[in-house]
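Visitor: Please see the structure below; I have some questions.
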Amino acid sequence: MLPGRLTFLSTREGSIVNIAGYAKKRYSTKAFDPARKVPDETIAQLRELICFSPSSVNSQPWHFVVASSDDAKARVAKAAQGRFAYNEPKVRNASHVFVLCARVLIDDVHLASVLLQEENDGRFVSADARNAQRNSRQGYVDTHRYELKDAQHWMEKQVYLALGTLLLGAAALDVDACPMEGFDAKVLDDELGLRGKGFTSVALVGLGYSGEGDFNKALPKSRLADEVVFTDI
Ligand SMILES: Cc1cc2nc3c(=O)[nH]c(=O)nc-3n(C[C@H](O)[C@H](O)[C@H](O)COP(=O)(O)O)c2cc1C
């Protein structure tokens, strides 16, 4: 258990959780009930969950903005205009909107803070273990910085893991959700002053409860067949 973090124990410990059932139950909610709010303790669980999402070399190159008031959601909705206007009502009527951001740089200050956090959390049994972790992470980061030249893309991949984690967790907590890439990241970054803080918006997740006009609720889920998706060797 990490100090200072809320920890929610599973009520299902020892039993088999039908995790695929949650994946099949969840769907992208196309209209939220503006009158219903997700309880604070449920949002607290989702916040904890998203922080515990895995990332390559534990790089955690992300930041999350949580909009809950009407004013805050209206600020986010400024990025859902014009060709993205189809998402505006979801942003405004969701109980909460999570703005998932990537860092604009994976810089040495960030790497040092990740290492320090790992040290404080008791990850290193010796100075050698600490140095090995630092060097290993640096190797990956340098590969993406200097050889592949895809550091931004690499960081965004990690943010998408957090997105998937959040969606599955919301389903498990009976919260409806809609992931959204349909917004103007430049507008949102400007509105929230993100780039000045070293972040850029990547995806939104509206969280709440299905409302009138949510056509997707009644539609069957659709996924490619197992034989297309899997190869057993
Ligand atoms: C990264 C990502 C971006 C998406 N962007 C939008 C969006 O902007 N607006 C929207 O209504 N749905 C959006 N969706 C929902 C997808 O269309 C939906 O996940 C997909 O059709 C599968 O359906 P399901 O989520 O209901 O299982 C997005 C989904 C993902 C994963």
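Just so we're on the same page: first chain in the structure tokens is A, next is B, and so on; residues restart at 1 for each chain, and ligands are numbered from 1 in the order they show up.
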Could you list, as a ChimeraX atom specification, all the residues within 7 Å of ligand 1, counting only C-alpha atoms and all ligand atoms?
Guide: /A:26-28,30,87,178-183,203,216,221
Visitor: I'd like to know which residues of chain A are strand (DSSP E or B) (by DSSP, run on the backbone); could you write them as a PyMOL selection string?
Guide: chain A and resi 28+32+62-67+96-103+176-180+199-208+210
Visitor: For the selection just defined, write its residues with N, CA and C atoms to a file, as a short mmCIF file (atom, residue, chain, number, x, y, z; two decimals), in the first residue's frame.
Guide:
data_model
loop_
_atom_site.label_atom_id
_atom_site.label_comp_id
_atom_site.auth_asym_id
_atom_site.auth_seq_id
_atom_site.Cartn_x
_atom_site.Cartn_y
_atom_site.Cartn_z
N SER A 28 -20.12 2.72 -25.33
CA SER A 28 -19.89 4.17 -25.37
C SER A 28 -21.24 4.88 -25.29
N PHE A 32 -25.90 11.48 -21.84
CA PHE A 32 -25.90 11.34 -20.37
C PHE A 32 -27.10 12.05 -19.78
N TRP A 62 1.82 11.17 -17.91
CA TRP A 62 0.44 11.63 -18.06
C TRP A 62 0.05 12.63 -16.99
N HIS A 63 -1.11 13.22 -17.23
CA HIS A 63 -1.72 14.11 -16.26
C HIS A 63 -3.22 14.08 -16.55
N PHE A 64 -4.03 14.17 -15.52
CA PHE A 64 -5.48 14.06 -15.72
C PHE A 64 -6.16 15.29 -15.12
N VAL A 65 -6.99 15.93 -15.92
CA VAL A 65 -7.80 17.05 -15.43
C VAL A 65 -9.21 16.52 -15.26
N VAL A 66 -9.78 16.77 -14.10
CA VAL A 66 -11.13 16.26 -13.80
C VAL A 66 -12.08 17.46 -13.73
N ALA A 67 -13.04 17.49 -14.65
CA ALA A 67 -14.04 18.57 -14.68
C ALA A 67 -15.34 18.04 -14.11
N HIS A 96 -19.00 13.88 -14.78
CA HIS A 96 -17.59 14.29 -14.72
C HIS A 96 -16.97 14.05 -16.10
N VAL A 97 -16.02 14.88 -16.45
CA VAL A 97 -15.23 14.64 -17.66
C VAL A 97 -13.76 14.57 -17.24
N PHE A 98 -13.14 13.46 -17.58
CA PHE A 98 -11.70 13.33 -17.36
C PHE A 98 -10.99 13.73 -18.66
N VAL A 99 -10.06 14.66 -18.56
CA VAL A 99 -9.22 15.03 -19.70
C VAL A 99 -7.90 14.31 -19.51
N LEU A 100 -7.64 13.36 -20.39
CA LEU A 100 -6.41 12.58 -20.29
C LEU A 100 -5.33 13.27 -21.12
N CYS A 101 -4.25 13.62 -20.46
CA CYS A 101 -3.18 14.39 -21.12
C CYS A 101 -1.88 13.59 -21.12
N ALA A 102 -1.07 13.87 -22.13
CA ALA A 102 0.31 13.36 -22.17
C ALA A 102 1.26 14.51 -21.85
N ARG A 103 2.41 14.18 -21.37
CA ARG A 103 3.44 15.20 -21.21
C ARG A 103 3.90 15.66 -22.60
N ASP A 176 -21.55 4.78 -16.42
CA ASP A 176 -21.52 4.82 -17.88
C ASP A 176 -20.42 5.79 -18.33
N ALA A 177 -19.87 5.51 -19.50
CA ALA A 177 -18.72 6.31 -19.95
C ALA A 177 -18.71 6.44 -21.46
N CYS A 178 -18.12 7.53 -21.91
CA CYS A 178 -17.86 7.68 -23.35
C CYS A 178 -16.46 8.24 -23.56
N PRO A 179 -15.59 7.42 -24.22
CA PRO A 179 -14.28 7.95 -24.59
C PRO A 179 -14.45 8.87 -25.79
N MET A 180 -13.68 9.93 -25.85
CA MET A 180 -13.82 10.88 -26.98
C MET A 180 -12.46 11.39 -27.45
N PHE A 199 1.84 19.79 -20.54
CA PHE A 199 0.92 18.70 -20.92
C PHE A 199 0.16 19.07 -22.18
N THR A 200 -0.39 18.05 -22.84
CA THR A 200 -1.28 18.27 -23.98
C THR A 200 -2.39 17.23 -23.94
N SER A 201 -3.60 17.66 -24.26
CA SER A 201 -4.75 16.76 -24.14
C SER A 201 -4.74 15.70 -25.24
N VAL A 202 -5.12 14.49 -24.87
CA VAL A 202 -5.09 13.36 -25.79
C VAL A 202 -6.50 12.78 -25.99
N ALA A 203 -7.24 12.63 -24.92
CA ALA A 203 -8.58 12.04 -25.01
C ALA A 203 -9.42 12.53 -23.85
N LEU A 204 -10.73 12.52 -24.07
CA LEU A 204 -11.68 12.84 -23.00
C LEU A 204 -12.44 11.59 -22.63
N VAL A 205 -12.86 11.51 -21.38
CA VAL A 205 -13.81 10.45 -20.99
C VAL A 205 -14.94 11.11 -20.20
N GLY A 206 -16.14 11.05 -20.78
CA GLY A 206 -17.33 11.48 -20.05
C GLY A 206 -17.80 10.34 -19.16
N LEU A 207 -18.10 10.66 -17.92
CA LEU A 207 -18.55 9.65 -16.95
C LEU A 207 -19.88 10.11 -16.36
N GLY A 208 -20.82 9.21 -16.23
CA GLY A 208 -22.12 9.57 -15.68
C GLY A 208 -23.09 8.42 -15.83
N SER A 210 -26.46 6.98 -18.28
CA SER A 210 -27.17 7.07 -19.54
C SER A 210 -28.42 7.94 -19.42
#
Visitor: Quick one: everything within 7 Å of segment 70-79 of chain A, counting only C-alpha atoms, minus sequence neighbours fewer than 2 positions away in the same chain. Send it as a PDB file with all heavy atoms, in the first residue's frame.
Guide:
ATOM      1  N   ALA A  67     -13.041  17.490 -14.655  1.00  0.00           N
ATOM      2  CA  ALA A  67     -14.039  18.569 -14.685  1.00  0.00           C
ATOM      3  C   ALA A  67     -15.340  18.038 -14.110  1.00  0.00           C
ATOM      4  O   ALA A  67     -15.874  17.037 -14.603  1.00  0.00           O
ATOM      5  CB  ALA A  67     -14.245  19.048 -16.117  1.00  0.00           C
ATOM      6  N   SER A  68     -15.850  18.702 -13.076  1.00  0.00           N
ATOM      7  CA  SER A  68     -17.083  18.207 -12.446  1.00  0.00           C
ATOM      8  C   SER A  68     -18.183  19.276 -12.391  1.00  0.00           C
ATOM      9  O   SER A  68     -19.359  18.943 -12.473  1.00  0.00           O
ATOM     10  CB  SER A  68     -16.796  17.690 -11.035  1.00  0.00           C
ATOM     11  OG  SER A  68     -16.128  18.668 -10.275  1.00  0.00           O
ATOM     12  N   GLN A  81     -16.672  21.848 -30.579  1.00  0.00           N
ATOM     13  CA  GLN A  81     -17.499  22.717 -31.426  1.00  0.00           C
ATOM     14  C   GLN A  81     -17.222  22.360 -32.888  1.00  0.00           C
ATOM     15  O   GLN A  81     -16.314  21.584 -33.179  1.00  0.00           O
ATOM     16  CB  GLN A  81     -17.136  24.195 -31.182  1.00  0.00           C
ATOM     17  CG  GLN A  81     -17.188  24.620 -29.734  1.00  0.00           C
ATOM     18  CD  GLN A  81     -18.588  24.528 -29.143  1.00  0.00           C
ATOM     19  OE1 GLN A  81     -19.572  24.821 -29.806  1.00  0.00           O
ATOM     20  NE2 GLN A  81     -18.691  24.087 -27.904  1.00  0.00           N
ATOM     21  N   GLU A  88     -20.353  17.717 -27.896  1.00  0.00           N
ATOM     22  CA  GLU A  88     -20.584  18.773 -26.900  1.00  0.00           C
ATOM     23  C   GLU A  88     -21.622  18.379 -25.836  1.00  0.00           C
ATOM     24  O   GLU A  88     -21.367  18.552 -24.626  1.00  0.00           O
ATOM     25  CB  GLU A  88     -20.990  20.093 -27.567  1.00  0.00           C
ATOM     26  CG  GLU A  88     -21.157  21.185 -26.515  1.00  0.00           C
ATOM     27  CD  GLU A  88     -21.630  22.516 -27.080  1.00  0.00           C
ATOM     28  OE1 GLU A  88     -21.883  22.619 -28.284  1.00  0.00           O
ATOM     29  OE2 GLU A  88     -21.754  23.455 -26.272  1.00  0.00           O
ATOM     30  N   VAL A  91     -20.134  16.102 -23.237  1.00  0.00           N
ATOM     31  CA  VAL A  91     -19.235  16.795 -22.296  1.00  0.00           C
ATOM     32  C   VAL A  91     -20.054  17.581 -21.266  1.00  0.00           C
ATOM     33  O   VAL A  91     -19.780  17.528 -20.063  1.00  0.00           O
ATOM     34  CB  VAL A  91     -18.271  17.723 -23.073  1.00  0.00           C
ATOM     35  CG1 VAL A  91     -17.522  18.641 -22.118  1.00  0.00           C
ATOM     36  CG2 VAL A  91     -17.300  16.898 -23.910  1.00  0.00           C
ATOM     37  N   ARG A  92     -21.065  18.272 -21.737  1.00  0.00           N
ATOM     38  CA  ARG A  92     -21.852  19.114 -20.816  1.00  0.00           C
ATOM     39  C   ARG A  92     -22.720  18.286 -19.870  1.00  0.00           C
ATOM     40  O   ARG A  92     -22.922  18.673 -18.707  1.00  0.00           O
ATOM     41  CB  ARG A  92     -22.749  20.068 -21.608  1.00  0.00           C
ATOM     42  CG  ARG A  92     -21.980  21.188 -22.281  1.00  0.00           C
ATOM     43  CD  ARG A  92     -22.935  22.159 -22.935  1.00  0.00           C
ATOM     44  NE  ARG A  92     -22.235  23.252 -23.587  1.00  0.00           N
ATOM     45  CZ  ARG A  92     -21.873  24.375 -22.979  1.00  0.00           C
ATOM     46  NH1 ARG A  92     -22.145  24.569 -21.705  1.00  0.00           N
ATOM     47  NH2 ARG A  92     -21.232  25.324 -23.641  1.00  0.00           N
ATOM     48  N   VAL A  97     -16.019  14.883 -16.451  1.00  0.00           N
ATOM     49  CA  VAL A  97     -15.226  14.640 -17.659  1.00  0.00           C
ATOM     50  C   VAL A  97     -13.760  14.570 -17.243  1.00  0.00           C
ATOM     51  O   VAL A  97     -13.246  15.498 -16.597  1.00  0.00           O
ATOM     52  CB  VAL A  97     -15.429  15.746 -18.715  1.00  0.00           C
ATOM     53  CG1 VAL A  97     -14.538  15.486 -19.932  1.00  0.00           C
ATOM     54  CG2 VAL A  97     -16.901  15.828 -19.137  1.00  0.00           C
ATOM     55  N   PHE A 183     -12.395  16.075 -30.393  1.00  0.00           N
ATOM     56  CA  PHE A 183     -12.344  17.429 -29.813  1.00  0.00           C
ATOM     57  C   PHE A 183     -11.083  18.097 -30.346  1.00  0.00           C
ATOM     58  O   PHE A 183     -10.178  17.429 -30.865  1.00  0.00           O
ATOM     59  CB  PHE A 183     -12.329  17.384 -28.271  1.00  0.00           C
ATOM     60  CG  PHE A 183     -11.069  16.817 -27.698  1.00  0.00           C
ATOM     61  CD1 PHE A 183     -10.054  17.647 -27.232  1.00  0.00           C
ATOM     62  CD2 PHE A 183     -10.872  15.445 -27.632  1.00  0.00           C
ATOM     63  CE1 PHE A 183      -8.868  17.119 -26.717  1.00  0.00           C
ATOM     64  CE2 PHE A 183      -9.685  14.906 -27.123  1.00  0.00           C
ATOM     65  CZ  PHE A 183      -8.693  15.747 -26.668  1.00  0.00           C
ATOM     66  N   ASP A 184     -11.028  19.407 -30.205  1.00  0.00           N
ATOM     67  CA  ASP A 184      -9.893  20.174 -30.711  1.00  0.00           C
ATOM     68  C   ASP A 184      -8.868  20.323 -29.582  1.00  0.00           C
ATOM     69  O   ASP A 184      -9.071  21.112 -28.642  1.00  0.00           O
ATOM     70  CB  ASP A 184     -10.397  21.543 -31.189  1.00  0.00           C
ATOM     71  CG  ASP A 184      -9.319  22.323 -31.913  1.00  0.00           C
ATOM     72  OD1 ASP A 184      -8.139  22.240 -31.502  1.00  0.00           O
ATOM     73  OD2 ASP A 184      -9.646  23.033 -32.871  1.00  0.00           O
ATOM     74  N   ALA A 185      -7.792  19.575 -29.691  1.00  0.00           N
ATOM     75  CA  ALA A 185      -6.795  19.553 -28.611  1.00  0.00           C
ATOM     76  C   ALA A 185      -6.135  20.918 -28.424  1.00  0.00           C
ATOM     77  O   ALA A 185      -5.812  21.309 -27.297  1.00  0.00           O
ATOM     78  CB  ALA A 185      -5.744  18.485 -28.895  1.00  0.00           C
ATOM     79  N   VAL A 187      -7.512  23.880 -28.898  1.00  0.00           N
ATOM     80  CA  VAL A 187      -8.450  24.746 -28.178  1.00  0.00           C
ATOM     81  C   VAL A 187      -8.462  24.380 -26.693  1.00  0.00           C
ATOM     82  O   VAL A 187      -8.436  25.251 -25.811  1.00  0.00           O
ATOM     83  CB  VAL A 187      -9.872  24.620 -28.792  1.00  0.00           C
ATOM     84  CG1 VAL A 187     -10.912  25.280 -27.901  1.00  0.00           C
ATOM     85  CG2 VAL A 187      -9.895  25.225 -30.191  1.00  0.00           C
ATOM     86  N   LEU A 188      -8.511  23.078 -26.417  1.00  0.00           N
ATOM     87  CA  LEU A 188      -8.580  22.648 -25.016  1.00  0.00           C
ATOM     88  C   LEU A 188      -7.272  22.957 -24.277  1.00  0.00           C
ATOM     89  O   LEU A 188      -7.291  23.414 -23.119  1.00  0.00           O
ATOM     90  CB  LEU A 188      -8.912  21.155 -24.940  1.00  0.00           C
ATOM     91  CG  LEU A 188      -9.238  20.633 -23.554  1.00  0.00           C
ATOM     92  CD1 LEU A 188     -10.349  21.435 -22.898  1.00  0.00           C
ATOM     93  CD2 LEU A 188      -9.622  19.155 -23.605  1.00  0.00           C
ATOM     94  N   GLU A 191      -7.391  26.580 -23.486  1.00  0.00           N
ATOM     95  CA  GLU A 191      -8.394  26.906 -22.465  1.00  0.00           C
ATOM     96  C   GLU A 191      -7.909  26.527 -21.069  1.00  0.00           C
ATOM     97  O   GLU A 191      -8.133  27.251 -20.088  1.00  0.00           O
ATOM     98  CB  GLU A 191      -9.708  26.172 -22.795  1.00  0.00           C
ATOM     99  CG  GLU A 191     -10.802  26.288 -21.755  1.00  0.00           C
ATOM    100  CD  GLU A 191     -11.270  27.728 -21.524  1.00  0.00           C
ATOM    101  OE1 GLU A 191     -11.200  28.544 -22.459  1.00  0.00           O
ATOM    102  OE2 GLU A 191     -11.692  28.024 -20.382  1.00  0.00           O
TER     103      GLU A 191
END
